[in-house]
Amino acid sequence: MRLGALGPVEVLAPAPAYLGGPKPKALLAALLLEPGQVVSIDRLVGLIWDERPPASAVALVHTYVSALRRGFAAVGEDAVLLTQPPGYLLRVHPDDVDLVEFARCLDAARQAEATDPAGAAQQYQQALGLWRGPAFGGVTARFARTRAAGLADERLAAEEGLARCELALGQILVALPRLVALCDAHPTREEARGLLMRALYLSGRQGDALAAYRSVRMRLIDELGVEPGEALRELHARILDGTLPAGPVPTTPQRPVTTLPARPEVAAPNQLPPDIADFTGRTEQVERVLGLARSARGRVVAVSGAGGIGKSALAVHCAHRLAGDYPDGQLFADLHSAGTTEDTEVLGRFLRALGMSGTELPDDPDERAGLYRMAIADRRMIIVLDNVRGEHQVRKLLPGSGNCIMIVTSRSRLTGLAGSEPVELTTLSVPTSTEMLGRIVGAERTAAEPEAATTIARLCGGIPLAIRVAGAKLLARRHWPLRTLASRLSDQHRRLDELAVGDLAVRSSLELGYAELDQRQRHAFHLLALLDLPDFGSWVAAPLLDIPVDDAEDMVEHLVDLRLLEVAGVDALGRIRYRFHDLVQLFGAEQSARHEPPGVVSEAVLRTLSVLIALVEAASARLPRVTLGLRPTVVATVEPDPRLLDEVVAAPTDWLKAETATLVRAVERAHELGADEPSATLLTSLLSSPFAVRNEFDSWQRTHEVALEYAVASGNKQAEATILAGLGHLCYERDEFPAALEHYQQALTNAAAIGDESIQAVALLGIGTVRRDVGEFGPARESLAEAADLAGRIGDRSVLAAARYGVAAILRDHGDLAGAEAALDECVQLYRDLADRRGEALALRGRSLCRRAAGDLAAAADLSRQAQEILEEIGDVLGATYARQSLAKARIRQGRPDGVHDLLTSCLAVCVARNDRFGTALITRTLGELALSTGDLPTATGYLTTALEQWRELALPLWEARTLRDLATATGSAGHWALALRIFTDTGARELAELSGHTPRSWFDRCVGRRPEPTR
């Protein structure tokens, strides 16, 4: 695909594409400035909206990206605009962007002009032929206007260059019309006017040439109050006296310059520090620097990254490799070192290295900069500026000619350095880190203890400085096995102390960025590091620091700029996520412990918990309610920003998905920091239902275990009972029935001791539900009846409905279908009164099971479909899967197997992905029933055998018996049949009466038809 900006911003090939309005085109224009490079969302926002973005800017960027992708896809290019954290990448070859091709042609023309004017003219013509109108047409953003102005000047320079070549080739009549038009359009442009005067003179029109000079002189005096420059005045004088020769036209107008004092020749300076013998990795970045330096001299390469990431090592390594390409010397300055903090001092050092004595150095910085550029103008040199803090330190040191390459290293990205090429360094991978350690300490040591070497590399976090320190420490203590250092580094409280040897220390590197923070920024750094979240949105800093959300984003971004935070990516809501490097987090927590009073930390954590509680409550209220009772009343002590609530309400599932790790860690961290126990318990309780909806068992368990430890330590029996009931439900959902029963019984005991009837009702309901599933129907019915009575007395209709559902299931399993349906009808109405659509759907599915057992298969299928539609509408994926299974079962019984296998296979995939062992066994058995119904006995036997193993692992005897019956039907096994009958007898299940008088063969004939003859 070919893209253009030298005219309207548009797709040039393979075909025109609709790209949307000005803003999507502005986004494309911004990406065209850096084709093949990742442009961060933050930078795109700043470019598109001239640093004044709306609050919805990030979301709008995603919208514009979608518009561009649709346009590209319409012309068959659907893999051009890629998402790549922290932003987007335009994957096109640079030569397919007219901006890049123009620059390449212009550079080639300029280099060829002195020796090959015909070739140069061809390149100039090719460059000018790329233009279709004013650059960046249709884009009004400031960056585009600024770049367009520069390109317009380059276009004029190309016109002038072409005219110079034409004059040099004697094509005067070809050049004249171009120059007349150029001077008419730009009457004060002296280069074009000089070329016109020369062309007129060479064509025998001396008078016209002199008139052209008088015209421009008067215009300059009238409009600008200045005389023409010396080059134009000299040209006028030579035309006037007839001494202007024909021949090549000078490419650069002559102007008065200060000449360098004559001095003896000096050796080419080489100020580079030694190259690093054990330089490891960074292949891609090294090749990029070398490629830039060798293909387009005059560029500035800006190497950026966090402290200790290896910027200096990369710059010096690349400079040594480039020394042969730049034989006139290498200049180096560390702008963080003493005595080189000002560009004036660096200019002095460089000029002295280039042969100028100290007495000849002017005091004025601009004069020094001019002398410096003159000194290197005709040399091919490498200039390395290390540890630059900002663009202001670099500008006076930029070469004036295209002969030199400058490599700059900085923690900042130096985006304000026009024309610079960014090279971003991130952490090394663990294998590369291990390789680097081996190069430092000896490959034989790391090979002898590979596990310890990997641990050291991992704990150094991919930071080359940390790896170098660890290696230096091992070299200093050769008697240490690697596992000794690995063990010492594993203690996070002393890790930074261990990563120090001699004058190398990770802590010292981190202190450089820390020193640039003001008091408020340090406070933010301390608290965010202390919270120790795996990743987070900038909004977390708002309650933590008690500042507005917008200020929080600015604060977090400043920490990113100083490399104390890093961008982790973009979440499902399009928000940027941030994280600390492990060593930076340890450093921040260390500083927090030193500088933040405990009371300040507690208040900050409580504010954050309060906002999290409000946001989780807003999300939970819009999700299916899976857990029963115990949903506490939320009274916010800190009101969250309305924009945060809007995000949650708009996409509760995506919000919870993005924030789950943050929420879990917040609960853990609140406990570790001794924050308010009721807040942590409240947040834990609110999280139960979202975790249950998505079967996020690990997160569910982590938060509940922390909250239980909290409650026990504080002696809060109510909180302890609440959390125990939550753990009971967790274990039930994980199909861990003995553990679930134990937790529910403990919750019941605690709740009874403090007289909390609400928790008692939930615990009794849980006990009854577990006992029902494991086939203990008598005790189950007693507990469920007690739960229903208690719930009715205290007005908890959710528990009442769930208890009625449990009783109905027992009645159905015992053959009382009329009683079961009556109880389920009551459930449906109760859930509708509560506006609990999930409960309503589950009760409808329960009714479908009754109708199926009664042989009313059409009604069973219809009820299952109703349940499925409701559950899908409210986003309960797992619940909808169970409804689809019951629909499949009804269709099997109806003798309509078409499509059922695919339906069940998709259901099985959901259950496996959600780690739902009960659902996996249920659907595996149903697949066996499907195969049995079609006479495919080998397939049926395979599925049913697997299901039998799964039911036995779950210790669910009634389901085991049902599967044994089906397996006996498929195989004719009398043993399976007898065992099934025994379990049906023990549980009092309705199947006992159904099977009375039957054998496996007769049951097969009744349910399926004649058994097929064995194939020979």
# chains A, B, ... in the order shown; residues from 1 in each chain; ligands from 1
>>> select_by_dssp(residues="stretch 91-236 of chain A", states="alpha helix (DSSP H)", output="MDAnalysis selection string")
chainID A and resid 98:112 117:129 142:168 172:185 190:202 206:224 230:236
>>> write_last_selection(atoms="C-alpha atoms", output="mmCIF file, in the first residue's frame")
data_model
loop_
_atom_site.group_PDB
_atom_site.id
_atom_site.type_symbol
_atom_site.label_atom_id
_atom_site.label_comp_id
_atom_site.auth_asym_id
_atom_site.auth_seq_id
_atom_site.Cartn_x
_atom_site.Cartn_y
_atom_site.Cartn_z
ATOM 1 C CA ASP A 98 5.699 9.840 -0.319
ATOM 2 C CA LEU A 99 7.192 11.911 2.521
ATOM 3 C CA VAL A 100 10.039 9.431 2.892
ATOM 4 C CA GLU A 101 10.547 9.053 -0.856
ATOM 5 C CA PHE A 102 10.690 12.835 -1.241
ATOM 6 C CA ALA A 103 13.375 13.117 1.444
ATOM 7 C CA ARG A 104 15.346 10.278 -0.145
ATOM 8 C CA CYS A 105 15.217 11.797 -3.623
ATOM 9 C CA LEU A 106 16.134 15.223 -2.294
ATOM 10 C CA ASP A 107 19.104 13.871 -0.377
ATOM 11 C CA ALA A 108 20.310 11.895 -3.394
ATOM 12 C CA ALA A 109 19.977 14.938 -5.616
ATOM 13 C CA ARG A 110 21.974 17.133 -3.276
ATOM 14 C CA GLN A 111 24.763 14.594 -2.981
ATOM 15 C CA ALA A 112 24.960 14.150 -6.756
ATOM 16 C CA PRO A 117 24.088 17.390 -12.467
ATOM 17 C CA ALA A 118 22.108 15.254 -14.939
ATOM 18 C CA GLY A 119 21.536 12.547 -12.316
ATOM 19 C CA ALA A 120 20.756 15.190 -9.713
ATOM 20 C CA ALA A 121 18.214 16.831 -12.019
ATOM 21 C CA GLN A 122 16.481 13.481 -12.465
ATOM 22 C CA GLN A 123 16.286 13.029 -8.696
ATOM 23 C CA TYR A 124 14.963 16.577 -8.203
ATOM 24 C CA GLN A 125 12.310 15.966 -10.859
ATOM 25 C CA GLN A 126 11.297 12.709 -9.198
ATOM 26 C CA ALA A 127 11.027 14.468 -5.837
ATOM 27 C CA LEU A 128 8.911 17.298 -7.250
ATOM 28 C CA GLY A 129 6.707 14.861 -9.143
ATOM 29 C CA ARG A 142 -0.649 22.223 14.511
ATOM 30 C CA PHE A 143 1.944 19.503 13.964
ATOM 31 C CA ALA A 144 0.730 19.068 10.388
ATOM 32 C CA ARG A 145 0.803 22.808 9.697
ATOM 33 C CA THR A 146 4.314 23.045 11.113
ATOM 34 C CA ARG A 147 5.571 20.052 9.133
ATOM 35 C CA ALA A 148 3.813 21.288 6.006
ATOM 36 C CA ALA A 149 5.589 24.640 6.271
ATOM 37 C CA GLY A 150 8.949 22.882 6.456
ATOM 38 C CA LEU A 151 8.067 20.651 3.529
ATOM 39 C CA ALA A 152 6.966 23.643 1.471
ATOM 40 C CA ASP A 153 10.401 25.167 2.024
ATOM 41 C CA GLU A 154 12.038 21.895 0.993
ATOM 42 C CA ARG A 155 9.880 21.874 -2.139
ATOM 43 C CA LEU A 156 11.135 25.347 -3.038
ATOM 44 C CA ALA A 157 14.690 24.180 -2.395
ATOM 45 C CA ALA A 158 14.089 21.283 -4.780
ATOM 46 C CA GLU A 159 12.779 23.683 -7.433
ATOM 47 C CA GLU A 160 15.921 25.784 -6.987
ATOM 48 C CA GLY A 161 18.146 22.698 -7.092
ATOM 49 C CA LEU A 162 16.550 21.555 -10.331
ATOM 50 C CA ALA A 163 17.114 25.016 -11.814
ATOM 51 C CA ARG A 164 20.776 24.929 -10.754
ATOM 52 C CA CYS A 165 21.229 21.568 -12.471
ATOM 53 C CA GLU A 166 19.508 22.792 -15.627
ATOM 54 C CA LEU A 167 21.764 25.846 -15.751
ATOM 55 C CA ALA A 168 24.823 23.659 -15.185
ATOM 56 C CA ILE A 172 18.837 27.789 -19.768
ATOM 57 C CA LEU A 173 15.590 28.062 -21.691
ATOM 58 C CA VAL A 174 14.176 25.139 -19.706
ATOM 59 C CA ALA A 175 15.152 26.719 -16.389
ATOM 60 C CA LEU A 176 13.905 30.255 -17.118
ATOM 61 C CA PRO A 177 10.120 29.661 -16.971
ATOM 62 C CA ARG A 178 10.515 27.742 -13.719
ATOM 63 C CA LEU A 179 12.559 30.531 -12.157
ATOM 64 C CA VAL A 180 10.213 33.298 -13.314
ATOM 65 C CA ALA A 181 7.256 31.472 -11.759
ATOM 66 C CA LEU A 182 9.244 30.768 -8.608
ATOM 67 C CA CYS A 183 10.262 34.413 -8.157
ATOM 68 C CA ASP A 184 6.739 35.649 -8.842
ATOM 69 C CA ALA A 185 5.387 33.348 -6.132
ATOM 70 C CA GLU A 190 17.176 35.432 -2.694
ATOM 71 C CA GLU A 191 18.373 32.005 -3.868
ATOM 72 C CA ALA A 192 15.678 31.811 -6.545
ATOM 73 C CA ARG A 193 16.267 35.447 -7.549
ATOM 74 C CA GLY A 194 19.981 34.840 -7.930
ATOM 75 C CA LEU A 195 19.331 31.847 -10.184
ATOM 76 C CA LEU A 196 16.930 33.914 -12.281
ATOM 77 C CA MET A 197 19.521 36.702 -12.637
ATOM 78 C CA ARG A 198 22.136 34.121 -13.694
ATOM 79 C CA ALA A 199 19.779 32.509 -16.223
ATOM 80 C CA LEU A 200 18.851 35.870 -17.734
ATOM 81 C CA TYR A 201 22.496 36.878 -17.980
ATOM 82 C CA LEU A 202 23.550 33.582 -19.570
ATOM 83 C CA GLN A 206 21.996 41.374 -19.020
ATOM 84 C CA GLY A 207 19.567 44.278 -18.647
ATOM 85 C CA ASP A 208 16.751 41.967 -17.494
ATOM 86 C CA ALA A 209 19.125 40.347 -15.033
ATOM 87 C CA LEU A 210 20.005 43.744 -13.527
ATOM 88 C CA ALA A 211 16.318 44.711 -13.446
ATOM 89 C CA ALA A 212 15.550 41.510 -11.559
ATOM 90 C CA TYR A 213 18.114 42.556 -8.939
ATOM 91 C CA ARG A 214 16.658 46.094 -8.623
ATOM 92 C CA SER A 215 13.190 44.623 -8.182
ATOM 93 C CA VAL A 216 14.166 42.304 -5.339
ATOM 94 C CA ARG A 217 16.296 44.994 -3.666
ATOM 95 C CA MET A 218 13.413 47.449 -3.557
ATOM 96 C CA ARG A 219 11.078 44.781 -2.246
ATOM 97 C CA LEU A 220 13.455 43.764 0.533
ATOM 98 C CA ILE A 221 13.978 47.383 1.578
ATOM 99 C CA ASP A 222 10.275 48.238 1.452
ATOM 100 C CA GLU A 223 8.954 45.104 3.153
ATOM 101 C CA LEU A 224 11.761 44.000 5.435
ATOM 102 C CA GLU A 230 26.222 39.619 0.181
ATOM 103 C CA ALA A 231 25.954 36.674 -2.243
ATOM 104 C CA LEU A 232 23.242 38.388 -4.256
ATOM 105 C CA ARG A 233 25.082 41.729 -4.167
ATOM 106 C CA GLU A 234 28.269 40.057 -5.417
ATOM 107 C CA LEU A 235 26.339 38.317 -8.200
ATOM 108 C CA HIS A 236 24.862 41.702 -9.191
#
>>> residues_around(residues="A:Gly766", least_positions_apart="4", cutoff="10 Å", atoms="only C-alpha atoms", output="ChimeraX atom specification")
/A:628,725-726,728-729,732,740-741,743-745,748,760-762,770-772,780,783-784,787,799,802-803,806
>>> write_last_selection(atoms="N, CA and C atoms", output="compact mmCIF listing (two decimals), in the first residue's frame")
# COMPACT_ATOMS: atom_id res chain seq x y z
N LEU A 628 -25.43 -15.81 47.04
CA LEU A 628 -26.69 -15.57 47.75
C LEU A 628 -26.48 -14.74 49.01
N ALA A 725 -19.11 -18.17 54.86
CA ALA A 725 -20.20 -18.51 53.94
C ALA A 725 -19.76 -18.29 52.49
N GLY A 726 -19.01 -17.22 52.26
CA GLY A 726 -18.48 -16.97 50.91
C GLY A 726 -17.52 -18.06 50.47
N GLY A 728 -17.64 -21.10 51.52
CA GLY A 728 -18.48 -22.27 51.26
C GLY A 728 -19.02 -22.25 49.85
N HIS A 729 -19.49 -21.08 49.42
CA HIS A 729 -20.02 -20.99 48.06
C HIS A 729 -18.91 -21.18 47.03
N TYR A 732 -18.26 -24.80 46.74
CA TYR A 732 -19.38 -25.44 46.04
C TYR A 732 -19.24 -25.24 44.53
N ALA A 740 -16.89 -27.37 51.03
CA ALA A 740 -18.01 -26.42 51.04
C ALA A 740 -18.88 -26.65 52.27
N LEU A 741 -19.18 -27.92 52.55
CA LEU A 741 -20.02 -28.24 53.70
C LEU A 741 -19.38 -27.79 55.00
N HIS A 743 -17.18 -25.30 55.48
CA HIS A 743 -17.22 -23.84 55.59
C HIS A 743 -18.62 -23.36 55.95
N TYR A 744 -19.64 -23.94 55.31
CA TYR A 744 -21.01 -23.51 55.60
C TYR A 744 -21.37 -23.82 57.06
N GLN A 745 -20.95 -24.99 57.55
CA GLN A 745 -21.26 -25.37 58.93
C GLN A 745 -20.56 -24.43 59.92
N LEU A 748 -22.45 -21.24 59.92
CA LEU A 748 -23.69 -21.39 60.69
C LEU A 748 -23.43 -21.30 62.18
N GLN A 760 -27.18 -17.05 59.03
CA GLN A 760 -27.65 -18.41 59.31
C GLN A 760 -28.47 -18.95 58.14
N ALA A 761 -29.36 -18.11 57.61
CA ALA A 761 -30.21 -18.55 56.50
C ALA A 761 -29.37 -18.94 55.29
N VAL A 762 -28.37 -18.13 54.96
CA VAL A 762 -27.50 -18.43 53.82
C VAL A 762 -26.71 -19.71 54.08
N VAL A 770 -25.56 -28.45 49.21
CA VAL A 770 -24.46 -29.41 49.10
C VAL A 770 -24.97 -30.83 49.38
N ARG A 771 -25.74 -30.98 50.45
CA ARG A 771 -26.24 -32.33 50.79
C ARG A 771 -27.15 -32.87 49.69
N ARG A 772 -27.93 -31.99 49.05
CA ARG A 772 -28.77 -32.45 47.93
C ARG A 772 -27.91 -32.99 46.80
N ALA A 780 -30.71 -32.90 53.55
CA ALA A 780 -30.75 -31.73 52.66
C ALA A 780 -32.09 -31.04 52.76
N SER A 783 -32.45 -29.04 56.03
CA SER A 783 -31.71 -27.77 56.03
C SER A 783 -32.38 -26.74 55.13
N LEU A 784 -32.87 -27.19 53.97
CA LEU A 784 -33.51 -26.26 53.05
C LEU A 784 -34.82 -25.73 53.63
N ALA A 787 -33.90 -23.20 56.21
CA ALA A 787 -33.46 -21.97 55.57
C ALA A 787 -34.64 -21.18 55.05
N VAL A 799 -32.99 -15.83 49.49
CA VAL A 799 -32.71 -17.12 50.12
C VAL A 799 -33.95 -18.02 50.07
N ALA A 802 -34.23 -19.51 46.60
CA ALA A 802 -33.20 -20.52 46.36
C ALA A 802 -33.51 -21.80 47.14
N ALA A 803 -34.05 -21.65 48.36
CA ALA A 803 -34.41 -22.83 49.15
C ALA A 803 -35.55 -23.59 48.49
N GLY A 806 -34.17 -25.62 45.72
CA GLY A 806 -33.50 -26.83 46.19
C GLY A 806 -34.50 -27.92 46.56
>>> atom_distance(atom1="atom CA of A:Pro640", atom2="atom CA of A:Ala529")
21.7 Å
>>> closest_residue(among="A:Ala721, A:Leu12, A:Ala57, A:Val560", to="A:Tyr578", atoms="only C-alpha atoms")
A:Val560
>>> residues_around(residues="A:His320", least_positions_apart="3", cutoff="12 Å", atoms="only C-alpha atoms", output="ChimeraX atom specification")
/A:270-277,286,289-290,313-317,323-327,329-332,381-384,407
>>> write_last_selection(atoms="C-alpha atoms", output="short mmCIF file (atom, residue, chain, number, x, y, z; two decimals), in the first residue's frame")
data_model
loop_
_atom_site.label_atom_id
_atom_site.label_comp_id
_atom_site.auth_asym_id
_atom_site.auth_seq_id
_atom_site.Cartn_x
_atom_site.Cartn_y
_atom_site.Cartn_z
CA ASN A 270 38.58 9.80 19.88
CA GLN A 271 36.83 10.56 23.16
CA LEU A 272 34.74 7.38 23.29
CA PRO A 273 34.90 5.30 26.46
CA PRO A 274 36.08 1.72 25.89
CA ASP A 275 33.58 -0.64 24.29
CA ILE A 276 32.06 -3.28 26.54
CA ALA A 277 33.61 -6.66 25.88
CA VAL A 286 22.02 -2.10 17.41
CA VAL A 289 21.25 2.50 15.00
CA LEU A 290 23.82 1.21 12.52
CA ALA A 313 26.50 0.84 26.70
CA LEU A 314 24.46 0.67 23.50
CA ALA A 315 25.51 4.14 22.35
CA VAL A 316 29.21 3.50 22.96
CA HIS A 317 29.05 0.03 21.41
CA ALA A 323 34.12 4.40 13.69
CA GLY A 324 35.21 3.13 10.28
CA ASP A 325 32.27 4.86 8.61
CA TYR A 326 33.12 8.17 10.31
CA PRO A 327 36.94 8.36 10.14
CA GLY A 329 36.81 11.30 14.87
CA GLN A 330 34.44 10.62 17.73
CA LEU A 331 33.32 13.19 20.31
CA PHE A 332 31.79 12.11 23.61
CA MET A 381 32.28 12.38 12.78
CA ILE A 382 30.31 10.61 15.49
CA ILE A 383 29.06 12.73 18.40
CA VAL A 384 27.76 10.88 21.46
CA ILE A 407 23.74 9.51 19.22
#
>>> residues_around(residues="A:Gln591", least_positions_apart="6", cutoff="10 Å", atoms="only C-alpha atoms", output="count of residues only")
9
>>> residues_around(residues="stretch 990-1001 of chain A", least_positions_apart="6", cutoff="8 Å", atoms="only C-alpha atoms", output="ChimeraX atom specification")
/A:812-815,965,968-969,972-974,977,981,984,1011
>>> write_last_selection(atoms="N, CA, C and O atoms", output="PDB file, in the first residue's frame")
ATOM      1  N   ARG A 812     -38.267 -33.461  42.425  1.00  0.00           N
ATOM      2  CA  ARG A 812     -38.144 -33.977  41.060  1.00  0.00           C
ATOM      3  C   ARG A 812     -37.337 -35.270  41.049  1.00  0.00           C
ATOM      4  O   ARG A 812     -37.715 -36.252  40.382  1.00  0.00           O
ATOM      5  N   ASP A 813     -36.225 -35.294  41.787  1.00  0.00           N
ATOM      6  CA  ASP A 813     -35.378 -36.499  41.794  1.00  0.00           C
ATOM      7  C   ASP A 813     -36.084 -37.682  42.438  1.00  0.00           C
ATOM      8  O   ASP A 813     -35.747 -38.837  42.152  1.00  0.00           O
ATOM      9  N   HIS A 814     -37.072 -37.393  43.297  1.00  0.00           N
ATOM     10  CA  HIS A 814     -37.822 -38.477  43.966  1.00  0.00           C
ATOM     11  C   HIS A 814     -39.109 -38.814  43.242  1.00  0.00           C
ATOM     12  O   HIS A 814     -39.895 -39.635  43.728  1.00  0.00           O
ATOM     13  N   GLY A 815     -39.366 -38.158  42.109  1.00  0.00           N
ATOM     14  CA  GLY A 815     -40.521 -38.534  41.296  1.00  0.00           C
ATOM     15  C   GLY A 815     -41.771 -37.736  41.551  1.00  0.00           C
ATOM     16  O   GLY A 815     -42.795 -37.956  40.881  1.00  0.00           O
ATOM     17  N   ARG A 965     -26.345 -46.586  34.527  1.00  0.00           N
ATOM     18  CA  ARG A 965     -27.508 -47.109  33.797  1.00  0.00           C
ATOM     19  C   ARG A 965     -27.310 -46.948  32.288  1.00  0.00           C
ATOM     20  O   ARG A 965     -27.518 -47.892  31.512  1.00  0.00           O
ATOM     21  N   ALA A 968     -24.578 -49.301  31.049  1.00  0.00           N
ATOM     22  CA  ALA A 968     -25.085 -50.675  30.959  1.00  0.00           C
ATOM     23  C   ALA A 968     -25.959 -50.839  29.723  1.00  0.00           C
ATOM     24  O   ALA A 968     -25.924 -51.872  29.043  1.00  0.00           O
ATOM     25  N   THR A 969     -26.733 -49.819  29.394  1.00  0.00           N
ATOM     26  CA  THR A 969     -27.579 -49.871  28.199  1.00  0.00           C
ATOM     27  C   THR A 969     -26.725 -49.988  26.938  1.00  0.00           C
ATOM     28  O   THR A 969     -27.087 -50.692  25.988  1.00  0.00           O
ATOM     29  N   GLY A 972     -24.487 -53.534  27.746  1.00  0.00           N
ATOM     30  CA  GLY A 972     -25.136 -54.744  28.236  1.00  0.00           C
ATOM     31  C   GLY A 972     -24.556 -55.242  29.536  1.00  0.00           C
ATOM     32  O   GLY A 972     -24.841 -56.384  29.951  1.00  0.00           O
ATOM     33  N   SER A 973     -23.772 -54.431  30.260  1.00  0.00           N
ATOM     34  CA  SER A 973     -23.103 -54.866  31.482  1.00  0.00           C
ATOM     35  C   SER A 973     -24.107 -55.040  32.620  1.00  0.00           C
ATOM     36  O   SER A 973     -24.735 -54.076  33.073  1.00  0.00           O
ATOM     37  N   ALA A 974     -24.234 -56.271  33.096  1.00  0.00           N
ATOM     38  CA  ALA A 974     -25.123 -56.532  34.231  1.00  0.00           C
ATOM     39  C   ALA A 974     -24.567 -55.928  35.508  1.00  0.00           C
ATOM     40  O   ALA A 974     -25.324 -55.505  36.394  1.00  0.00           O
ATOM     41  N   TRP A 977     -25.451 -52.303  35.662  1.00  0.00           N
ATOM     42  CA  TRP A 977     -26.900 -52.187  35.891  1.00  0.00           C
ATOM     43  C   TRP A 977     -27.220 -52.429  37.357  1.00  0.00           C
ATOM     44  O   TRP A 977     -27.989 -51.657  37.963  1.00  0.00           O
ATOM     45  N   LEU A 981     -28.858 -49.736  40.117  1.00  0.00           N
ATOM     46  CA  LEU A 981     -30.086 -50.002  40.881  1.00  0.00           C
ATOM     47  C   LEU A 981     -29.848 -49.849  42.373  1.00  0.00           C
ATOM     48  O   LEU A 981     -30.706 -49.322  43.104  1.00  0.00           O
ATOM     49  N   PHE A 984     -29.728 -46.120  43.182  1.00  0.00           N
ATOM     50  CA  PHE A 984     -31.082 -45.556  43.091  1.00  0.00           C
ATOM     51  C   PHE A 984     -31.902 -45.951  44.311  1.00  0.00           C
ATOM     52  O   PHE A 984     -32.692 -45.151  44.839  1.00  0.00           O
ATOM     53  N   ARG A1011     -30.992 -53.235  19.325  1.00  0.00           N
ATOM     54  CA  ARG A1011     -29.540 -53.104  19.366  1.00  0.00           C
ATOM     55  C   ARG A1011     -28.966 -53.547  18.021  1.00  0.00           C
ATOM     56  O   ARG A1011     -29.328 -54.588  17.511  1.00  0.00           O
TER      57      ARG A1011
END
>>> select_by_dssp(residues="stretch 511-586 of chain A", states="strand (DSSP E or B)", output="NGL selection string")
:A and (536-537 or 566-570 or 576-579)
>>> residues_around(residues="A:Gln885", least_positions_apart="2", cutoff="9 Å", atoms="only C-alpha atoms", output="PyMOL selection string")
chain A and resi 864+880-883+887-890+903-904+907+922-923+926
>>> closest_atom_pairs(of="stretch 18-53 of chain A", to="stretch 412-431 of chain A", cutoff="10 Å", atoms="only C-alpha atoms", output="CSV")
residue,atom,partner,partner_atom,distance
A:Leu33,CA,A:Gly419,CA,9.8
A:Glu34,CA,A:Glu421,CA,8.7
A:Gln37,CA,A:Pro422,CA,8.7
A:Val38,CA,A:Pro422,CA,9.8
A:Arg43,CA,A:Thr415,CA,9.0
>>> write_last_selection(atoms="C-alpha atoms", output="tab-separated table (two decimals), in the first residue's frame")
chain	number	residue	atom	x	y	z
A	33	LEU	CA	5.73	10.95	10.39
A	34	GLU	CA	7.12	7.71	11.86
A	37	GLN	CA	7.58	2.87	14.41
A	38	VAL	CA	5.28	2.52	17.41
A	43	ARG	CA	1.77	11.21	21.69
>>> residues_around(residues="A:Lys23", least_positions_apart="3", cutoff="12 Å", atoms="only C-alpha atoms", output="number ranges by chain")
A: 9, 19-20, 26-30, 44-45, 47-50, 57, 60-65, 67-68, 138-141, 144
>>> closest_residue(among="A:Glu498, A:Ala752, A:Val807, A:Thr344", to="A:Ala823", atoms="only C-alpha atoms")
A:Val807
>>> closest_residue(among="A:Arg495, A:His581, A:Lys396, A:Arg52", to="A:Val469", atoms="only C-alpha atoms")
A:Arg495
>>> closest_atom_pairs(of="stretch 514-572 of chain A", to="stretch 78-92 of chain A", cutoff="9 Å", atoms="only C-alpha atoms", output="JSON lines")
{"residue": "A:Val567", "atom": "CA", "partner": "A:Pro86", "partner_atom": "CA", "distance": 6.4}
{"residue": "A:Ala568", "atom": "CA", "partner": "A:Pro86", "partner_atom": "CA", "distance": 7.4}
{"residue": "A:Gly569", "atom": "CA", "partner": "A:Pro85", "partner_atom": "CA", "distance": 5.0}
{"residue": "A:Val570", "atom": "CA", "partner": "A:Pro85", "partner_atom": "CA", "distance": 6.8}
>>> write_last_selection(atoms="N, CA, C and O atoms", output="mmCIF file, in the first residue's frame")
data_model
loop_
_atom_site.group_PDB
_atom_site.id
_atom_site.type_symbol
_atom_site.label_atom_id
_atom_site.label_comp_id
_atom_site.auth_asym_id
_atom_site.auth_seq_id
_atom_site.Cartn_x
_atom_site.Cartn_y
_atom_site.Cartn_z
ATOM 1 N N VAL A 567 4.696 1.907 30.967
ATOM 2 C CA VAL A 567 3.386 1.612 30.392
ATOM 3 C C VAL A 567 3.282 0.110 30.185
ATOM 4 O O VAL A 567 4.126 -0.504 29.533
ATOM 5 N N ALA A 568 2.223 -0.474 30.753
ATOM 6 C CA ALA A 568 2.035 -1.924 30.655
ATOM 7 C C ALA A 568 1.215 -2.309 29.436
ATOM 8 O O ALA A 568 1.292 -3.440 28.962
ATOM 9 N N GLY A 569 0.414 -1.387 28.908
ATOM 10 C CA GLY A 569 -0.433 -1.696 27.761
ATOM 11 C C GLY A 569 -1.728 -0.917 27.845
ATOM 12 O O GLY A 569 -1.852 0.051 28.602
ATOM 13 N N VAL A 570 -2.705 -1.366 27.074
ATOM 14 C CA VAL A 570 -4.026 -0.726 27.033
ATOM 15 C C VAL A 570 -5.059 -1.789 27.352
ATOM 16 O O VAL A 570 -5.011 -2.901 26.810
#
>>> atom_distance(atom1="atom CA of A:Met374", atom2="atom CA of A:Leu361")
13.5 Å
